[in-house]
Amino acid sequence: MATASPPAEIYDVEGAASYLPLPSSPTPPRPSKKLLPTILLSSFLLISLILLLLTSQTPPSQLKLKLNDAAADHTATPLSRGVSQGVSEKVFRQVNGNALTFPWNNVMLSWQRTAFHFQPEQNWMNDPNGPLLHKGWYHLFYQYNQESAVWGNITWGHAVSKDLIHWFHLPYAMVPDQWYDVNGVWTGSATILPDGQIIMLYTGDTTDAVQVQCLAYPANLSDPLLIDWVKSPSNPVLFPPPGIGSKDFRDPTTAWLSPGGDKWRITIGSKVNKTGISIVYETSDFIKYDLLDGYLHQVAGTGMWECIDFYPVSLTESNGLDTSVNGAGVKHVMKASMDDDRHDYYALGTYDPIGNKWTPDNPELDVGIGHRYDYGIFYASKTFYDQNKQRRILWGWISESDAEGLDLMKGWACVQSIPRTVVYDQKTGTDLLQWPVEELESLRGDSVEADVKVGPGSVVPVAIDSASQLDVEVSFELDEEAVEAAVPEVGAGYDCTTSGGAANRGVLGPFGILVLADDNLTESTPIYFYVAKGANGKTESHFCADELRSSQAPDVVKTVYGSSVPVVDGEKFTIRSLVDHSIVESFAQGGRRVITSRVYPTKAINGAARVFLFNNATGASITASLKMWKMGSADIRQFPL
Ligand code: DQQ
C-alpha cells in the first residue's frame, strides 16, 4: 500500500540536461603501479579478516565473510558435482577460473543479500518444488543443500506464508534418507485431489544414481503447516522406462484428470538422443502407473527437458485455471527447462487428451525454440493454482552469476523470483503476461514521481535517498515526428544480446532507466528499450537489460539480456523493475517480456545507489512518466514451533 508520498520531483529537460554520456565500453579498473601497494595492503587486510573470522567461530547464519576450503584454494578447480549425477553444475562456477581478483569486503557482500525475495537463512537453494495452498497457508518447498552454498546433498526445504511475501521457515520436509533418494530428494510437484488429499510426486536419485519417481504425502492433513511428510512404502513408484537413460528421467508435474475423470495423468521430462520429450503416465492411485503411447510432445535438437510444467490458460478471462480444466476458450501452456542452455521456454498450444498430444499454435515458437518466460536468469520454474484467489502463480529459481568462491564467502547462494501471476495475453494472442503478485505492493513505502522530457543523449537523476529496494514503474513515449522521420536501418535485426549494450546508440534508442548506479555512472544497470526501423518502414521494439557496467569487479559474469517485444497499437513503452539489492526483475509491456538480472555492484550500494532516466538515442526525444516506491523488507524467519 502506498503511504504518503513526498512532493513529486518534476524535471524538465533544459533544467536537467546534465548530460553524462554512458561510458562507451565497460571499464574494469586496471591496477596501476601506484595502486599496487594499496591492493597488496587490502589483500593482506582481507586475508587477515578472513583468518580472524575463521578462528572466531562465527555462527554460520550470520552474514560475515566465510571461506571454506574450496573457496580458499583459488587455484583448485573442484570436481563437477551435478554433472556426474545427471544435472548441470552451477553455470557460472568457472568465472575467472575460480580466482577472486577483486578486493571484496564485507560491506559489499552483505549488501548483496536480498530483502523481499524468498531465501533460506544460509546455504544453497535451487528449484521451487510442490507449491500449494492449504488451509490458508501458501507452502513453498525448495531444493536445498543443508551443508554448503553450492549444489549437493539435496533436501526439501519448506516455508509457509499467508501472503506470498512474508515467510516462516519450517523443518525440512524431506531429507535424502532412503536408498531411492539418498543421492538427492529432487524436484517434484503437488496435486490436490478433490477430497483434499495432497499428493507429492518427486524424483529420487538412488544409491546407483538412477532417477526414479517417488510418492510422499502429509502425515496429518489437518495440520495447516503440513510439517510431517511420509514417503510411501511403495517407493519408488516409477523407474525409467525402456529406452530412457537412467539419468534422463525426472521432475514429475502436477497431475490432471484423464478424459474419463477417473484417472490422473502426469508428465515427466526426458530426451532421446538430442530430442527433448515429455512422457505421460496414467494412474488411479499414484502407486501403479500405465505408460501412455507416444509422447505428449517432443522437439528435436532441444536436449534434456527438466521441470516440465503443463497447464491451461483462459483465452477470455483474467483468472487462472485449475490444472484439469480443458475445452472451449482454453489453451494449454507447455513449459520445459532446457538443461542444455539453462533457460525456461514455454509455448501456447492445444491439448488433445484422447490422442495424448499437445500441439503448438506456431511450430516456429515451439518449446525450446520460441518464447522464454524470462530472458535473464530464471530456471526450473513451476506454477500452481491458487484456489482462493483463482490465479495461477509462477515461481522460478534465480541463480547467481558471480564466482562460486564468492557464494562460499557469503555463505548463501540463489533466490526465488517474486511469485508472478501468469495469464494469456489477449492483445497479442501469442504471449503470456507475468506480473508480480498484488501482495508485493504491501511493501511499497515512500514514493517519488517524475514527468520529464528527456532529449537525445541525456541522463536525468531521479531524487531518492536510498535505491537498493525499489518498485519502479515507468512509461515512455517516443517523439512521433522523429519516428516518422527516421531512416530505415539497413540490415536491421537488432539483438540485445549482441548489441554491445546501452552505450551503443541508434536513432530511436536506447532509452530507459539506470538502476543501481552511482553518481558518476562508473557502475549502472540500464533496463531499456531499443526501437529499430526496418527496411519495410516498420519499427520493431526490443527490451534489454545491460549488465556490462553493473560492477567494477571482474569476478562476475556480465551479460546483455533481452528480446524483441511486441508493442501493440495504443500502448506506451512500459517497464516495471523490482530492485532488491543484487537482483533486478524487470517486466516490459505489462509482463509480456521479463528479464531477471543478478548484479554485484561495488560502489553503487547502500547510500550511493541511485536511479536515472536516460535517453541514449541520437534522433528522438522521449517523454517519461515515472513512479517509484521505496520497498520495505519481507519478514522471513523461523516459525516459532
Ligand atoms: N534440479 C533438480 C532436478 C532438476 C534440476 C536437482 C533442475 O530434479 O532436473 O536439484 O534445476
# chains A, B, ... in the order shown; residues from 1 in each chain; ligands from 1
>>> closest_atom_pairs(of="chain A", to="ligand 1", cutoff="7 Å", atoms="only C-alpha atoms and all ligand atoms", output="Markdown table")
| residue | atom | partner | partner_atom_place_in_ligand_line | distance |
| --- | --- | --- | --- | --- |
| A:Val87 | CA | ligand 1 | 5 (C) | 5.8 |
| A:Asn126 | CA | ligand 1 | 10 (O) | 6.4 |
| A:Asp127 | CA | ligand 1 | 11 (O) | 5.6 |
| A:Gln143 | CA | ligand 1 | 10 (O) | 5.7 |
| A:Ile154 | CA | ligand 1 | 10 (O) | 6.3 |
| A:Trp186 | CA | ligand 1 | 8 (O) | 4.2 |
| A:Thr187 | CA | ligand 1 | 8 (O) | 4.0 |
| A:Thr203 | CA | ligand 1 | 8 (O) | 6.1 |
| A:Arg250 | CA | ligand 1 | 8 (O) | 5.7 |
| A:Asp251 | CA | ligand 1 | 8 (O) | 5.2 |
| A:Glu306 | CA | ligand 1 | 9 (O) | 4.6 |
| A:Cys307 | CA | ligand 1 | 9 (O) | 5.8 |
| A:Tyr379 | CA | ligand 1 | 11 (O) | 6.7 |
| A:Ala380 | CA | ligand 1 | 11 (O) | 5.0 |
>>> select_by_dssp(residues="segment 232-365 of chain A", states="strand (DSSP E)", output="PyMOL selection string")
chain A and resi 256-257+264-272+275-283+289-291+297-299+305-314+330-338+343-352+357-360
>>> residues_around(residues="Asp181 of chain A", least_positions_apart="6", cutoff="8 Å", atoms="only C-alpha atoms", output="ChimeraX atom specification")
/A:203-207
>>> atom_distance(atom1="atom CA of Lys135 of chain A", atom2="atom CA of Pro171 of chain A")
18.5 Å
>>> closest_residue(among="A:Val599, A:Phe116, A:Ser148, A:Leu291", to="Leu408 of chain A", atoms="only C-alpha atoms")
A:Ser148
>>> residues_around(residues="Thr497 of chain A", least_positions_apart="6", cutoff="10 Å", atoms="only C-alpha atoms", output="JSON, numbers by chain")
{"A": [375, 544, 545, 546, 559, 560, 561, 562, 563]}
>>> write_last_selection(atoms="N, CA and C atoms", output="PDB file, in the first residue's frame")
ATOM      1  N   TYR A 375      14.132 -13.578 -19.973  1.00  0.00           N
ATOM      2  CA  TYR A 375      15.323 -13.550 -20.833  1.00  0.00           C
ATOM      3  C   TYR A 375      16.614 -13.344 -20.048  1.00  0.00           C
ATOM      4  N   CYS A 544      15.717  -4.764 -23.196  1.00  0.00           N
ATOM      5  CA  CYS A 544      17.039  -5.298 -22.840  1.00  0.00           C
ATOM      6  C   CYS A 544      17.431  -4.915 -21.401  1.00  0.00           C
ATOM      7  N   ALA A 545      18.361  -5.647 -20.851  1.00  0.00           N
ATOM      8  CA  ALA A 545      18.993  -5.322 -19.561  1.00  0.00           C
ATOM      9  C   ALA A 545      20.489  -5.523 -19.754  1.00  0.00           C
ATOM     10  N   ASP A 546      21.236  -4.491 -19.438  1.00  0.00           N
ATOM     11  CA  ASP A 546      22.670  -4.477 -19.753  1.00  0.00           C
ATOM     12  C   ASP A 546      23.467  -4.502 -18.456  1.00  0.00           C
ATOM     13  N   THR A 559      26.321  -9.709 -18.662  1.00  0.00           N
ATOM     14  CA  THR A 559      25.662 -10.096 -19.910  1.00  0.00           C
ATOM     15  C   THR A 559      24.722  -8.984 -20.344  1.00  0.00           C
ATOM     16  N   VAL A 560      24.451  -8.894 -21.646  1.00  0.00           N
ATOM     17  CA  VAL A 560      23.313  -8.073 -22.088  1.00  0.00           C
ATOM     18  C   VAL A 560      22.198  -9.058 -22.431  1.00  0.00           C
ATOM     19  N   TYR A 561      21.103  -8.948 -21.692  1.00  0.00           N
ATOM     20  CA  TYR A 561      19.966  -9.844 -21.898  1.00  0.00           C
ATOM     21  C   TYR A 561      18.883  -9.137 -22.708  1.00  0.00           C
ATOM     22  N   GLY A 562      17.975  -9.909 -23.294  1.00  0.00           N
ATOM     23  CA  GLY A 562      16.793  -9.278 -23.867  1.00  0.00           C
ATOM     24  C   GLY A 562      16.226  -9.988 -25.060  1.00  0.00           C
ATOM     25  N   SER A 563      15.162  -9.390 -25.588  1.00  0.00           N
ATOM     26  CA  SER A 563      14.471  -9.975 -26.737  1.00  0.00           C
ATOM     27  C   SER A 563      13.635  -8.887 -27.396  1.00  0.00           C
TER      28      SER A 563
END
>>> closest_residue(among="A:Ala532, A:Val280, A:Met304, A:Val107", to="Tyr600 of chain A", atoms="only C-alpha atoms")
A:Val107
>>> select_by_dssp(residues="segment 421-583 of chain A", states="alpha helix (DSSP H)", output="list in words")
Glu480, Glu481, Ala482, Val483, Glu484 and Ala485 of chain A
>>> write_last_selection(atoms="N, CA, C and O atoms", output="PDB file, in the first residue's frame")
ATOM      1  N   GLU A 480       6.926  11.225 -31.899  1.00  0.00           N
ATOM      2  CA  GLU A 480       6.385  10.599 -33.120  1.00  0.00           C
ATOM      3  C   GLU A 480       6.998  11.152 -34.394  1.00  0.00           C
ATOM      4  O   GLU A 480       7.196  10.424 -35.363  1.00  0.00           O
ATOM      5  N   GLU A 481       7.269  12.440 -34.380  1.00  0.00           N
ATOM      6  CA  GLU A 481       7.856  13.034 -35.595  1.00  0.00           C
ATOM      7  C   GLU A 481       9.212  12.397 -35.894  1.00  0.00           C
ATOM      8  O   GLU A 481       9.553  12.146 -37.039  1.00  0.00           O
ATOM      9  N   ALA A 482       9.952  12.157 -34.823  1.00  0.00           N
ATOM     10  CA  ALA A 482      11.272  11.547 -35.019  1.00  0.00           C
ATOM     11  C   ALA A 482      11.130  10.126 -35.556  1.00  0.00           C
ATOM     12  O   ALA A 482      11.913   9.683 -36.395  1.00  0.00           O
ATOM     13  N   VAL A 483      10.106   9.428 -35.070  1.00  0.00           N
ATOM     14  CA  VAL A 483       9.900   8.052 -35.553  1.00  0.00           C
ATOM     15  C   VAL A 483       9.569   8.086 -37.044  1.00  0.00           C
ATOM     16  O   VAL A 483      10.113   7.325 -37.849  1.00  0.00           O
ATOM     17  N   GLU A 484       8.666   9.023 -37.419  1.00  0.00           N
ATOM     18  CA  GLU A 484       8.293   9.147 -38.843  1.00  0.00           C
ATOM     19  C   GLU A 484       9.514   9.447 -39.696  1.00  0.00           C
ATOM     20  O   GLU A 484       9.713   8.888 -40.765  1.00  0.00           O
ATOM     21  N   ALA A 485      10.333  10.380 -39.182  1.00  0.00           N
ATOM     22  CA  ALA A 485      11.460  10.873 -39.985  1.00  0.00           C
ATOM     23  C   ALA A 485      12.627   9.885 -40.042  1.00  0.00           C
ATOM     24  O   ALA A 485      13.484   9.988 -40.920  1.00  0.00           O
TER      25      ALA A 485
END
>>> atom_distance(atom1="atom CA of Gly429 of chain A", atom2="atom CA of Phe310 of chain A")
18.2 Å
>>> closest_residue(among="A:Thr155, A:Thr618, A:Gln552, A:Thr596", to="Pro103 of chain A", atoms="only C-alpha atoms")
A:Gln552
>>> residues_around(residues="Leu470 of chain A", least_positions_apart="6", cutoff="6 Å", atoms="only C-alpha atoms", output="number ranges by chain")
A: 578-579, 629-631
>>> closest_residue(among="A:Pro526, A:Gly501, A:Pro488, A:Val474", to="Gln589 of chain A", atoms="only C-alpha atoms")
A:Val474
